[in-house]
Amino acid sequence: MLRLGVVGCGEQATNNLLPALKNAPGAQIVGLCDIDAARLDSAVQRFGITAGYRDYRELIKSQSVEALILAGPPQMHAEIADHAVRNNIAVFVEKPPTVTTEQLERLADLAETRKVVTGVGHNLRFARPYLVFCGLASEPEFGRPQSFQIRFLCNKPKEPLWGLDCAVRSFLLAQAIHPIDLTLQWLDSDYDLAVTAHAAADGSILLHCLLQGSKVTGLIVTGSMAPSFIFDVSLISDQSMMIGLDSLWNIAYRGVSNEKVPYLPTPRSWRLTSEPSPLDSGYIRSGYQGELDAFVRAITHGAKGPPTFREELPVYRAIDRIERSVKAQLARGR
Ligand SMILES: NC(=O)c1ccc[n+]([C@@H]2O[C@H](COP(=O)([O-])OP(=O)(O)OC[C@H]3O[C@@H](n4cnc5c(N)ncnc54)[C@H](O)[C@@H]3O)[C@@H](O)[C@H]2O)c1
């Protein structure tokens, strides 16, 4: 069994990662770590893992940890990921792995030199309804994707996070990183970017990002100006086919048929919908189970895992470009 240690026992670890890891085949959580004694004690009790540490170095040494799961602020991710990689310990880091692109580049280089498995938490890539969406799009009858649109709207953060001095970068690292990651999966590495930004008096922002690749155009509508969390995606192909996924729940697959049916017009549009069972919830639907299982398999079987530090770099480069554009617009609007 792969010996896993988890560092950071806050909301994300205790609500999502630890429960999902409990079911991960081929791995065993051997210890937890948090600098906050109350959080550590509460996680130790709740998950029945007796080995709790306030210092991650102690956890690694005492429990002969082979892989680490990190869920804290990005400064913590960068520091502990560096230590892990230098000690040949595989490391999975919640998003955002680092504050800056330069830090991520250094970690990616180091991990490649030392041949250490790395992973970044992009659970939506592994969410079951999104995998169905991608599966439908990969069928030959769907044709070639032309336009990928995503709305990822939240009501936070409106202020800087993690001690950063910039609310825009905080939002991009905390929230927009998800839709940017999904959109880049459909584009070539080269794309033109156009961004429009709106800012409200309460510090919230709303962004429209148009990413124009040579084959597919991506449109991201994201921001902290929404009343609540809204997430949907859609894809249009050159065969007039369309797939929509709403709230990681309802899938609508649309197309045109030339088949002759009495009384009905030809050609006519059709629409197939798929709704999950009310019982289909939890870590498989949200992708936490899938990303952690994939990370374990990447270590134990050399399988394709969640995005590595290297594979995360295009997301950071997009974040840098969007941040520059938003800041320039907001400065002009002042
Ligand atoms: N993928 C997702 O859907 C998703 C959702 C929520 C949060 N996240 C990410 O998960 C991470 C954690 O978020 P959270 O909401 O759990 O935050 P949180 O503040 O609730 O928890 C972070 C924990 O890390 C601990 N910590 C900080 N520095 C430490 C150190 N040096 N050593 C050990 N422990 C340390 C803190 O004491 C705290 O308990 C963030 O990076 C966030 O972006 C991802």
# chains A, B, ... in the order shown; residues from 1 in each chain; ligands from 1

$ residues_near_ligand --ligand "ligand 1" --cutoff "10 Å" --atoms "only C-alpha atoms and all ligand atoms" --output "CSV table (one decimal) with all heavy atoms, in the first residue's frame"
chain,number,residue,atom,x,y,z
A,6,VAL,N,-1.1,13.6,4.6
A,6,VAL,CA,-1.9,14.8,4.2
A,6,VAL,C,-1.5,16.0,5.1
A,6,VAL,O,-1.5,15.9,6.3
A,6,VAL,CB,-3.4,14.5,4.4
A,6,VAL,CG1,-4.3,15.7,4.1
A,6,VAL,CG2,-3.8,13.3,3.5
A,7,VAL,N,-1.1,17.1,4.4
A,7,VAL,CA,-0.7,18.3,5.1
A,7,VAL,C,-1.8,19.4,4.8
A,7,VAL,O,-2.1,19.7,3.7
A,7,VAL,CB,0.7,18.8,4.6
A,7,VAL,CG1,1.1,20.0,5.5
A,7,VAL,CG2,1.7,17.7,4.7
A,8,GLY,N,-2.3,20.0,5.9
A,8,GLY,CA,-3.4,21.0,5.8
A,8,GLY,C,-4.7,20.2,6.1
A,8,GLY,O,-5.2,19.5,5.2
A,9,CYS,N,-5.3,20.5,7.3
A,9,CYS,CA,-6.5,19.8,7.6
A,9,CYS,C,-7.6,20.8,7.7
A,9,CYS,O,-8.4,20.8,8.7
A,9,CYS,CB,-6.3,19.0,8.9
A,9,CYS,SG,-5.0,17.7,8.8
A,10,GLY,N,-7.8,21.7,6.8
A,10,GLY,CA,-8.8,22.7,6.8
A,10,GLY,C,-10.0,22.1,6.0
A,10,GLY,O,-10.3,20.9,5.9
A,11,GLU,N,-10.9,23.1,5.5
A,11,GLU,CA,-12.1,22.7,4.9
A,11,GLU,C,-12.0,21.7,3.7
A,11,GLU,O,-12.7,20.7,3.7
A,11,GLU,CB,-12.8,24.0,4.3
A,11,GLU,CG,-13.0,25.1,5.3
A,11,GLU,CD,-14.4,25.0,5.9
A,11,GLU,OE1,-15.3,24.5,5.2
A,11,GLU,OE2,-14.5,25.4,7.1
A,12,GLN,N,-11.1,22.0,2.8
A,12,GLN,CA,-11.0,21.2,1.6
A,12,GLN,C,-10.5,19.8,1.9
A,12,GLN,O,-11.0,18.8,1.4
A,12,GLN,CB,-10.0,21.9,0.6
A,12,GLN,CG,-9.7,21.2,-0.6
A,12,GLN,CD,-10.9,20.9,-1.5
A,12,GLN,OE1,-12.1,21.3,-1.2
A,12,GLN,NE2,-10.7,20.3,-2.6
A,13,ALA,N,-9.5,19.7,2.8
A,13,ALA,CA,-9.0,18.4,3.2
A,13,ALA,C,-10.1,17.6,3.9
A,13,ALA,O,-10.3,16.4,3.6
A,13,ALA,CB,-7.8,18.5,4.0
A,14,THR,N,-10.8,18.2,4.9
A,14,THR,CA,-11.7,17.4,5.7
A,14,THR,C,-13.0,17.2,5.0
A,14,THR,O,-13.7,16.1,5.2
A,14,THR,CB,-11.9,18.0,7.1
A,14,THR,OG1,-12.3,19.4,6.9
A,14,THR,CG2,-10.6,18.1,7.9
A,15,ASN,N,-13.5,18.1,4.2
A,15,ASN,CA,-14.8,17.9,3.5
A,15,ASN,C,-14.6,17.0,2.2
A,15,ASN,O,-15.6,16.3,1.9
A,15,ASN,CB,-15.4,19.3,3.0
A,15,ASN,CG,-15.8,20.1,4.2
A,15,ASN,OD1,-16.0,19.5,5.3
A,15,ASN,ND2,-16.0,21.4,4.0
A,16,ASN,N,-13.5,17.1,1.5
A,16,ASN,CA,-13.4,16.5,0.2
A,16,ASN,C,-12.3,15.5,0.1
A,16,ASN,O,-12.5,14.4,-0.4
A,16,ASN,CB,-13.3,17.5,-0.9
A,16,ASN,CG,-14.6,18.4,-0.9
A,16,ASN,OD1,-15.7,17.9,-0.8
A,16,ASN,ND2,-14.4,19.7,-1.1
A,17,LEU,N,-11.1,15.9,0.4
A,17,LEU,CA,-9.9,15.1,0.0
A,17,LEU,C,-9.8,13.8,1.0
A,17,LEU,O,-9.6,12.7,0.5
A,17,LEU,CB,-8.6,15.9,0.0
A,17,LEU,CG,-8.6,17.1,-0.9
A,17,LEU,CD1,-7.3,17.8,-0.8
A,17,LEU,CD2,-8.9,16.7,-2.3
A,32,LEU,N,-1.4,12.7,9.4
A,32,LEU,CA,-1.9,14.1,9.1
A,32,LEU,C,-1.0,15.1,9.7
A,32,LEU,O,-0.3,14.9,10.7
A,32,LEU,CB,-3.3,14.2,9.7
A,32,LEU,CG,-4.4,13.2,9.3
A,32,LEU,CD1,-5.7,13.5,10.0
A,32,LEU,CD2,-4.6,13.2,7.8
A,33,CYS,N,-1.1,16.3,9.1
A,33,CYS,CA,-0.3,17.4,9.6
A,33,CYS,C,-1.1,18.7,9.5
A,33,CYS,O,-1.7,19.0,8.4
A,33,CYS,CB,1.0,17.5,8.9
A,33,CYS,SG,1.9,19.0,9.2
A,34,ASP,N,-1.1,19.5,10.5
A,34,ASP,CA,-1.6,20.9,10.4
A,34,ASP,C,-0.9,21.7,11.5
A,34,ASP,O,-0.6,21.2,12.6
A,34,ASP,CB,-3.1,21.0,10.6
A,34,ASP,CG,-3.7,22.3,10.0
A,34,ASP,OD1,-3.3,23.4,10.5
A,34,ASP,OD2,-4.5,22.2,9.1
A,35,ILE,N,-0.5,23.0,11.2
A,35,ILE,CA,0.1,23.8,12.2
A,35,ILE,C,-0.9,24.2,13.3
A,35,ILE,O,-0.5,24.6,14.4
A,35,ILE,CB,0.8,25.1,11.6
A,35,ILE,CG1,-0.2,25.7,10.6
A,35,ILE,CG2,2.1,24.8,10.9
A,35,ILE,CD1,0.3,27.1,10.1
A,36,ASP,N,-2.2,24.1,13.0
A,36,ASP,CA,-3.2,24.5,13.9
A,36,ASP,C,-3.6,23.3,14.7
A,36,ASP,O,-4.2,22.3,14.1
A,36,ASP,CB,-4.4,25.1,13.1
A,36,ASP,CG,-5.6,25.5,13.9
A,36,ASP,OD1,-6.0,24.8,14.9
A,36,ASP,OD2,-6.1,26.6,13.7
A,37,ALA,N,-3.4,23.3,16.0
A,37,ALA,CA,-3.6,22.1,16.8
A,37,ALA,C,-5.0,21.7,16.9
A,37,ALA,O,-5.3,20.5,16.8
A,37,ALA,CB,-3.1,22.4,18.2
A,38,ALA,N,-5.9,22.6,16.9
A,38,ALA,CA,-7.4,22.3,17.0
A,38,ALA,C,-7.8,21.6,15.7
A,38,ALA,O,-8.6,20.6,15.8
A,38,ALA,CB,-8.2,23.6,17.3
A,39,ARG,N,-7.4,22.1,14.6
A,39,ARG,CA,-7.8,21.5,13.3
A,39,ARG,C,-7.2,20.1,13.2
A,39,ARG,O,-7.9,19.2,12.7
A,39,ARG,CB,-7.4,22.4,12.2
A,39,ARG,CG,-8.2,23.6,12.1
A,39,ARG,CD,-8.0,24.4,10.8
A,39,ARG,NE,-9.1,25.2,10.5
A,39,ARG,CZ,-9.3,25.8,9.3
A,39,ARG,NH1,-8.5,25.6,8.3
A,39,ARG,NH2,-10.4,26.5,9.2
A,40,LEU,N,-6.0,20.0,13.6
A,40,LEU,CA,-5.3,18.7,13.5
A,40,LEU,C,-6.0,17.7,14.4
A,40,LEU,O,-6.4,16.6,13.9
A,40,LEU,CB,-3.8,18.9,14.0
A,40,LEU,CG,-3.0,17.6,14.0
A,40,LEU,CD1,-2.9,17.0,12.6
A,40,LEU,CD2,-1.6,17.9,14.5
A,43,ALA,N,-9.3,16.6,12.9
A,43,ALA,CA,-9.2,15.7,11.7
A,43,ALA,C,-8.7,14.3,12.2
A,43,ALA,O,-9.2,13.3,11.7
A,43,ALA,CB,-8.2,16.3,10.7
A,53,TYR,N,0.7,15.4,13.2
A,53,TYR,CA,2.0,16.2,13.4
A,53,TYR,C,1.7,17.7,13.1
A,53,TYR,O,0.9,18.0,12.3
A,53,TYR,CB,3.1,15.7,12.4
A,53,TYR,CG,3.4,14.2,12.6
A,53,TYR,CD1,2.6,13.3,12.0
A,53,TYR,CD2,4.4,13.8,13.5
A,53,TYR,CE1,2.8,11.9,12.2
A,53,TYR,CE2,4.7,12.5,13.7
A,53,TYR,CZ,3.9,11.5,13.1
A,53,TYR,OH,4.1,10.2,13.3
A,54,ARG,N,2.5,18.5,13.8
A,54,ARG,CA,2.4,20.0,13.6
A,54,ARG,C,3.4,20.4,12.6
A,54,ARG,O,3.4,21.5,12.0
A,54,ARG,CB,2.6,20.7,14.9
A,54,ARG,CG,1.7,20.3,16.0
A,54,ARG,CD,0.4,21.0,15.9
A,54,ARG,NE,0.5,22.5,16.1
A,54,ARG,CZ,0.6,23.0,17.3
A,54,ARG,NH1,0.6,22.3,18.4
A,54,ARG,NH2,0.7,24.3,17.4
A,55,ASP,N,4.4,19.5,12.3
A,55,ASP,CA,5.5,19.9,11.3
A,55,ASP,C,5.6,18.8,10.3
A,55,ASP,O,5.7,17.6,10.6
A,55,ASP,CB,6.8,19.9,12.1
A,55,ASP,CG,8.0,20.4,11.2
A,55,ASP,OD1,8.0,20.1,10.0
A,55,ASP,OD2,8.9,21.0,11.8
A,56,TYR,N,5.5,19.2,9.0
A,56,TYR,CA,5.4,18.2,7.9
A,56,TYR,C,6.7,17.3,7.8
A,56,TYR,O,6.6,16.2,7.4
A,56,TYR,CB,5.1,18.9,6.6
A,56,TYR,CG,6.2,19.8,6.1
A,56,TYR,CD1,7.2,19.3,5.3
A,56,TYR,CD2,6.2,21.1,6.4
A,56,TYR,CE1,8.2,20.1,4.8
A,56,TYR,CE2,7.2,22.0,5.9
A,56,TYR,CZ,8.2,21.4,5.1
A,56,TYR,OH,9.2,22.2,4.6
A,57,ARG,N,7.8,17.9,8.3
A,57,ARG,CA,9.0,17.1,8.2
A,57,ARG,C,9.0,15.9,9.1
A,57,ARG,O,9.4,14.8,8.8
A,57,ARG,CB,10.2,18.0,8.5
A,57,ARG,CG,10.5,19.1,7.6
A,57,ARG,CD,11.6,20.0,8.0
A,57,ARG,NE,11.6,21.3,7.4
A,57,ARG,CZ,10.8,22.3,7.9
A,57,ARG,NH1,10.1,22.2,8.9
A,57,ARG,NH2,10.8,23.5,7.2
A,70,LEU,N,-1.3,18.0,-0.4
A,70,LEU,CA,-1.2,19.3,0.2
A,70,LEU,C,-2.5,20.1,0.0
A,70,LEU,O,-2.9,20.2,-1.1
A,70,LEU,CB,0.0,20.1,-0.3
A,70,LEU,CG,1.4,19.3,-0.3
A,70,LEU,CD1,2.4,20.3,-0.9
A,70,LEU,CD2,1.8,18.9,1.1
A,71,ALA,N,-3.0,20.6,1.1
A,71,ALA,CA,-4.2,21.4,0.9
A,71,ALA,C,-4.2,22.6,1.9
A,71,ALA,O,-4.7,22.5,3.0
A,71,ALA,CB,-5.5,20.6,1.2
A,72,GLY,N,-3.4,23.6,1.5
A,72,GLY,CA,-3.3,24.8,2.4
A,72,GLY,C,-3.2,26.0,1.5
A,72,GLY,O,-3.6,26.0,0.3
A,73,PRO,N,-2.6,27.1,2.0
A,73,PRO,CA,-2.3,28.2,1.1
A,73,PRO,C,-1.2,28.0,0.1
A,73,PRO,O,-0.4,27.1,0.4
A,73,PRO,CB,-1.9,29.3,2.1
A,73,PRO,CG,-1.5,28.6,3.4
A,73,PRO,CD,-2.2,27.2,3.4
A,74,PRO,N,-1.2,28.7,-1.0
A,74,PRO,CA,-0.2,28.4,-2.0
A,74,PRO,C,1.3,28.5,-1.6
A,74,PRO,O,2.1,27.8,-2.1
A,74,PRO,CB,-0.5,29.4,-3.2
A,74,PRO,CG,-1.4,30.4,-2.6
A,74,PRO,CD,-2.1,29.8,-1.4
A,75,GLN,N,1.5,29.4,-0.6
A,75,GLN,CA,2.9,29.5,-0.1
A,75,GLN,C,3.3,28.2,0.6
A,75,GLN,O,4.5,27.8,0.4
A,75,GLN,CB,3.0,30.7,0.9
A,75,GLN,CG,2.7,32.1,0.3
A,75,GLN,CD,1.3,32.5,0.3
A,75,GLN,OE1,0.4,31.7,0.5
A,75,GLN,NE2,1.0,33.8,0.2
A,76,MET,N,2.4,27.6,1.3
A,76,MET,CA,2.6,26.3,1.9
A,76,MET,C,2.9,25.2,0.8
A,76,MET,O,3.8,24.4,0.9
A,76,MET,CB,1.5,25.9,2.8
A,76,MET,CG,1.7,24.6,3.5
A,76,MET,SD,0.1,23.8,4.1
A,76,MET,CE,-0.1,22.5,2.8
A,77,HIS,N,2.0,25.2,-0.2
A,77,HIS,CA,2.2,24.3,-1.3
A,77,HIS,C,3.6,24.3,-1.9
A,77,HIS,O,4.2,23.3,-2.0
A,77,HIS,CB,1.2,24.5,-2.4
A,77,HIS,CG,-0.3,24.4,-2.0
A,77,HIS,ND1,-1.3,24.9,-2.7
A,77,HIS,CD2,-0.9,23.7,-0.9
A,77,HIS,CE1,-2.5,24.6,-2.1
A,77,HIS,NE2,-2.2,23.9,-1.0
A,79,GLU,N,6.4,25.6,-0.7
A,79,GLU,CA,7.5,25.2,0.2
A,79,GLU,C,7.5,23.7,0.4
A,79,GLU,O,8.6,23.1,0.3
A,79,GLU,CB,7.3,25.9,1.6
A,79,GLU,CG,8.4,25.5,2.6
A,79,GLU,CD,8.0,25.8,4.0
A,79,GLU,OE1,7.3,26.8,4.3
A,79,GLU,OE2,8.3,25.0,4.9
A,80,ILE,N,6.4,23.1,0.7
A,80,ILE,CA,6.4,21.7,1.0
A,80,ILE,C,6.6,20.8,-0.3
A,80,ILE,O,7.2,19.8,-0.2
A,80,ILE,CB,5.1,21.3,1.8
A,80,ILE,CG1,5.1,22.2,3.1
A,80,ILE,CG2,5.2,19.8,2.2
A,80,ILE,CD1,3.9,21.9,4.0
A,93,VAL,N,-0.9,18.6,-5.1
A,93,VAL,CA,-1.1,19.9,-4.5
A,93,VAL,C,-2.5,20.4,-5.0
A,93,VAL,O,-2.8,20.4,-6.2
A,93,VAL,CB,0.0,20.9,-5.0
A,93,VAL,CG1,-0.1,22.2,-4.3
A,93,VAL,CG2,1.4,20.3,-4.7
A,94,GLU,N,-3.3,20.8,-4.0
A,94,GLU,CA,-4.5,21.5,-4.3
A,94,GLU,C,-4.2,22.7,-5.2
A,94,GLU,O,-3.1,23.3,-5.1
A,94,GLU,CB,-5.3,21.9,-3.1
A,94,GLU,CG,-6.5,21.1,-2.8
A,94,GLU,CD,-7.4,20.9,-3.9
A,94,GLU,OE1,-7.4,21.7,-4.9
A,94,GLU,OE2,-8.2,20.0,-3.9
A,95,LYS,N,-5.2,23.1,-6.0
A,95,LYS,CA,-5.0,24.4,-6.7
A,95,LYS,C,-5.1,25.5,-5.7
A,95,LYS,O,-5.9,25.4,-4.8
A,95,LYS,CB,-5.9,24.5,-7.9
A,95,LYS,CG,-7.4,24.5,-7.5
A,95,LYS,CD,-7.9,25.8,-7.0
A,95,LYS,CE,-9.2,25.8,-6.2
A,95,LYS,NZ,-9.5,26.9,-5.4
A,96,PRO,N,-4.4,26.6,-5.8
A,96,PRO,CA,-3.3,26.9,-6.7
A,96,PRO,C,-2.0,26.4,-6.1
A,96,PRO,O,-1.7,26.6,-5.0
A,96,PRO,CB,-3.3,28.4,-6.8
A,96,PRO,CG,-3.8,28.9,-5.5
A,96,PRO,CD,-4.7,27.8,-4.9
A,97,PRO,N,-1.2,25.7,-7.0
A,97,PRO,CA,0.0,25.1,-6.4
A,97,PRO,C,1.0,26.2,-5.9
A,97,PRO,O,1.8,25.9,-5.0
A,97,PRO,CB,0.6,24.3,-7.6
A,97,PRO,CG,0.0,24.9,-8.8
A,97,PRO,CD,-1.4,25.4,-8.4
A,98,THR,N,1.1,27.3,-6.6
A,98,THR,CA,2.0,28.4,-6.2
A,98,THR,C,1.3,29.7,-6.4
A,98,THR,O,0.3,29.8,-7.0
A,98,THR,CB,3.3,28.4,-7.1
A,98,THR,OG1,2.9,28.5,-8.4
A,98,THR,CG2,4.1,27.1,-7.0
A,120,VAL,N,-1.7,18.3,-9.7
A,120,VAL,CA,-2.3,19.5,-9.3
A,120,VAL,C,-3.9,19.2,-9.3
A,120,VAL,O,-4.4,18.6,-10.2
A,120,VAL,CB,-2.1,20.7,-10.2
A,120,VAL,CG1,-2.8,21.9,-9.8
A,120,VAL,CG2,-0.6,21.0,-10.3
A,121,GLY,N,-4.5,19.7,-8.2
A,121,GLY,CA,-5.9,19.4,-8.0
A,121,GLY,C,-6.8,20.1,-9.0
A,121,GLY,O,-7.1,21.3,-8.8
A,122,HIS,N,-7.3,19.4,-10.0
A,122,HIS,CA,-8.3,20.0,-11.0
A,122,HIS,C,-9.4,19.0,-11.0
A,122,HIS,O,-9.6,18.3,-12.0
A,122,HIS,CB,-7.7,20.2,-12.3
A,122,HIS,CG,-6.9,21.5,-12.4
A,122,HIS,ND1,-7.5,22.8,-12.2
A,122,HIS,CD2,-5.6,21.8,-12.6
A,122,HIS,CE1,-6.6,23.7,-12.3
A,122,HIS,NE2,-5.4,23.2,-12.5
A,123,ASN,N,-10.2,18.9,-9.9
A,123,ASN,CA,-11.2,17.9,-9.8
A,123,ASN,C,-12.2,17.9,-10.9
A,123,ASN,O,-12.7,16.9,-11.3
A,123,ASN,CB,-11.9,18.0,-8.4
A,123,ASN,CG,-12.5,19.4,-8.2
A,123,ASN,OD1,-11.8,20.4,-8.2
A,123,ASN,ND2,-13.9,19.4,-8.1
A,124,LEU,N,-12.5,19.1,-11.5
A,124,LEU,CA,-13.6,19.2,-12.5
A,124,LEU,C,-13.2,18.3,-13.7
A,124,LEU,O,-14.1,17.8,-14.4
A,124,LEU,CB,-13.9,20.6,-12.9
A,124,LEU,CG,-14.5,21.5,-11.7
A,124,LEU,CD1,-14.6,22.9,-12.2
A,124,LEU,CD2,-15.8,20.9,-11.3
A,161,LEU,N,-6.5,37.3,-1.1
A,161,LEU,CA,-6.4,36.1,-0.2
A,161,LEU,C,-4.9,35.8,0.1
A,161,LEU,O,-4.0,36.3,-0.6
A,161,LEU,CB,-6.9,34.8,-1.0
A,161,LEU,CG,-8.4,34.8,-1.4
A,161,LEU,CD1,-8.6,33.5,-2.2
A,161,LEU,CD2,-9.2,34.8,-0.1
A,162,TRP,N,-4.7,34.9,1.0
A,162,TRP,CA,-3.3,34.4,1.3
A,162,TRP,C,-2.2,35.4,1.5
A,162,TRP,O,-1.1,35.2,1.1
A,162,TRP,CB,-2.9,33.4,0.2
A,162,TRP,CG,-3.9,32.3,-0.1
A,162,TRP,CD1,-4.5,31.4,0.7
A,162,TRP,CD2,-4.5,32.1,-1.4
A,162,TRP,NE1,-5.3,30.6,0.1
A,162,TRP,CE2,-5.4,31.0,-1.3
A,162,TRP,CE3,-4.4,32.6,-2.7
A,162,TRP,CZ2,-6.1,30.4,-2.3
A,162,TRP,CZ3,-5.1,32.1,-3.7
A,162,TRP,CH2,-6.0,31.0,-3.6
A,170,SER,N,-5.7,37.0,-6.8
A,170,SER,CA,-6.3,36.1,-5.8
A,170,SER,C,-7.5,35.4,-6.4
A,170,SER,O,-7.7,34.1,-6.3
A,170,SER,CB,-6.8,36.8,-4.6
A,170,SER,OG,-5.7,37.4,-3.9
A,173,LEU,N,-6.4,32.9,-9.2
A,173,LEU,CA,-5.7,31.7,-8.6
A,173,LEU,C,-6.7,30.8,-7.9
A,173,LEU,O,-6.6,29.6,-7.9
A,173,LEU,CB,-4.6,32.1,-7.7
A,173,LEU,CG,-3.3,32.6,-8.3
A,173,LEU,CD1,-2.4,33.1,-7.2
A,173,LEU,CD2,-2.7,31.6,-9.2
A,174,ALA,N,-7.7,31.5,-7.2
A,174,ALA,CA,-8.6,30.7,-6.4
A,174,ALA,C,-9.8,30.1,-7.2
A,174,ALA,O,-10.2,29.0,-6.9
A,174,ALA,CB,-9.2,31.6,-5.2
A,175,GLN,N,-10.3,30.9,-8.2
A,175,GLN,CA,-11.5,30.4,-8.8
A,175,GLN,C,-11.3,30.3,-10.3
A,175,GLN,O,-11.7,29.2,-10.9
A,175,GLN,CB,-12.6,31.5,-8.6
A,175,GLN,CG,-13.0,31.7,-7.1
A,175,GLN,CD,-13.7,30.6,-6.5
A,175,GLN,OE1,-13.9,29.5,-7.0
A,175,GLN,NE2,-14.2,30.8,-5.2
A,177,ILE,N,-9.0,29.7,-12.1
A,177,ILE,CA,-8.0,28.6,-12.5
A,177,ILE,C,-8.8,27.4,-13.0
A,177,ILE,O,-8.4,26.7,-13.9
A,177,ILE,CB,-7.1,28.3,-11.3
A,177,ILE,CG1,-5.9,27.4,-11.6
A,177,ILE,CG2,-7.9,27.6,-10.1
A,177,ILE,CD1,-4.9,27.4,-10.5
A,178,HIS,N,-10.0,27.1,-12.5
A,178,HIS,CA,-10.8,26.0,-12.9
A,178,HIS,C,-11.3,26.1,-14.4
A,178,HIS,O,-11.0,25.3,-15.2
A,178,HIS,CB,-12.0,25.7,-12.0
A,178,HIS,CG,-11.7,25.1,-10.7
A,178,HIS,ND1,-11.1,23.9,-10.5
A,178,HIS,CD2,-11.8,25.6,-9.4
A,178,HIS,CE1,-10.9,23.6,-9.3
A,178,HIS,NE2,-11.4,24.6,-8.5
A,286,SER,N,-18.1,14.9,-8.1
A,286,SER,CA,-17.4,16.1,-8.1
A,286,SER,C,-15.9,16.0,-8.6
A,286,SER,O,-15.3,17.0,-8.8
A,286,SER,CB,-17.3,16.6,-6.6
A,286,SER,OG,-16.7,15.6,-5.8
A,287,GLY,N,-15.5,14.7,-8.8
A,287,GLY,CA,-14.1,14.5,-9.3
A,287,GLY,C,-13.0,14.3,-8.3
A,287,GLY,O,-11.9,14.0,-8.7
A,288,TYR,N,-13.3,14.5,-7.0
A,288,TYR,CA,-12.2,14.4,-6.0
A,288,TYR,C,-11.7,12.9,-6.0
A,288,TYR,O,-10.5,12.7,-5.9
A,288,TYR,CB,-12.7,14.8,-4.6
A,288,TYR,CG,-13.1,16.3,-4.6
A,288,TYR,CD1,-14.4,16.7,-4.3
A,288,TYR,CD2,-12.1,17.2,-4.9
A,288,TYR,CE1,-14.7,18.1,-4.3
A,288,TYR,CE2,-12.4,18.6,-4.9
A,288,TYR,CZ,-13.7,19.0,-4.6
A,288,TYR,OH,-14.0,20.3,-4.6

$ residues_around --residues "A:Gly5" --least-positions-apart "4" --cutoff "6 Å" --atoms "only C-alpha atoms" --output "list in words"
Ile29, Val30, Gly31, Leu32 and Leu68 of chain A

$ closest_residue --among "A:Phe148, A:Tyr253, A:Phe47, A:Phe133" --to "A:Pro179" --atoms "only C-alpha atoms"
A:Phe148

$ residues_around --residues "A:Gly333" --least-positions-apart "2" --cutoff "12 Å" --atoms "only C-alpha atoms" --output "MDAnalysis selection string"
chainID A and resid 196:200 326:331

$ write_last_selection --atoms "all heavy atoms" --output "compact mmCIF listing (two decimals), in the first residue's frame"
# COMPACT_ATOMS: atom_id res chain seq x y z
N THR A 196 -12.59 41.34 -21.31
CA THR A 196 -13.26 42.55 -20.83
C THR A 196 -13.51 42.36 -19.34
O THR A 196 -13.86 41.26 -18.89
CB THR A 196 -14.61 42.84 -21.53
OG1 THR A 196 -15.48 41.74 -21.27
CG2 THR A 196 -14.45 43.04 -23.01
N ALA A 197 -13.31 43.42 -18.59
CA ALA A 197 -13.44 43.33 -17.13
C ALA A 197 -14.39 44.39 -16.61
O ALA A 197 -14.37 45.54 -17.06
CB ALA A 197 -12.06 43.53 -16.50
N HIS A 198 -15.23 43.98 -15.68
CA HIS A 198 -16.10 44.91 -14.95
C HIS A 198 -15.74 44.78 -13.48
O HIS A 198 -15.50 43.67 -13.00
CB HIS A 198 -17.58 44.55 -15.12
CG HIS A 198 -18.00 44.51 -16.55
ND1 HIS A 198 -18.51 45.60 -17.20
CD2 HIS A 198 -17.97 43.51 -17.45
CE1 HIS A 198 -18.79 45.27 -18.45
NE2 HIS A 198 -18.46 44.00 -18.63
N ALA A 199 -15.76 45.90 -12.77
CA ALA A 199 -15.49 45.85 -11.33
C ALA A 199 -16.61 46.58 -10.61
O ALA A 199 -17.11 47.61 -11.09
CB ALA A 199 -14.16 46.52 -11.02
N ALA A 200 -17.05 46.04 -9.47
CA ALA A 200 -18.11 46.68 -8.68
C ALA A 200 -17.50 47.29 -7.42
O ALA A 200 -16.37 46.97 -7.04
CB ALA A 200 -19.18 45.66 -8.32
N VAL A 326 -6.67 42.64 -17.23
CA VAL A 326 -7.69 43.15 -16.29
C VAL A 326 -7.15 44.37 -15.56
O VAL A 326 -7.84 45.40 -15.44
CB VAL A 326 -8.10 42.05 -15.28
CG1 VAL A 326 -9.00 42.62 -14.20
CG2 VAL A 326 -8.80 40.90 -16.00
N LYS A 327 -5.91 44.27 -15.09
CA LYS A 327 -5.34 45.39 -14.32
C LYS A 327 -5.24 46.65 -15.19
O LYS A 327 -5.54 47.76 -14.72
CB LYS A 327 -3.97 45.02 -13.78
CG LYS A 327 -4.06 44.14 -12.54
CD LYS A 327 -2.66 43.80 -12.10
CE LYS A 327 -2.61 43.31 -10.69
NZ LYS A 327 -1.30 42.75 -10.38
N ALA A 328 -4.85 46.46 -16.46
CA ALA A 328 -4.74 47.63 -17.35
C ALA A 328 -6.11 48.26 -17.55
O ALA A 328 -6.26 49.49 -17.50
CB ALA A 328 -4.14 47.20 -18.69
N GLN A 329 -7.15 47.43 -17.75
CA GLN A 329 -8.51 47.98 -17.95
C GLN A 329 -9.01 48.69 -16.70
O GLN A 329 -9.60 49.75 -16.77
CB GLN A 329 -9.48 46.87 -18.29
CG GLN A 329 -9.37 46.41 -19.71
CD GLN A 329 -10.33 45.27 -19.97
OE1 GLN A 329 -11.53 45.41 -19.81
NE2 GLN A 329 -9.79 44.15 -20.40
N LEU A 330 -8.80 48.05 -15.55
CA LEU A 330 -9.31 48.65 -14.32
C LEU A 330 -8.57 49.95 -14.03
O LEU A 330 -9.17 50.91 -13.54
CB LEU A 330 -9.21 47.67 -13.14
CG LEU A 330 -10.04 46.38 -13.29
CD1 LEU A 330 -9.97 45.54 -12.01
CD2 LEU A 330 -11.49 46.65 -13.65
N ALA A 331 -7.29 50.00 -14.34
CA ALA A 331 -6.51 51.23 -14.10
C ALA A 331 -7.02 52.36 -15.00
O ALA A 331 -7.15 53.51 -14.58
CB ALA A 331 -5.03 50.97 -14.36
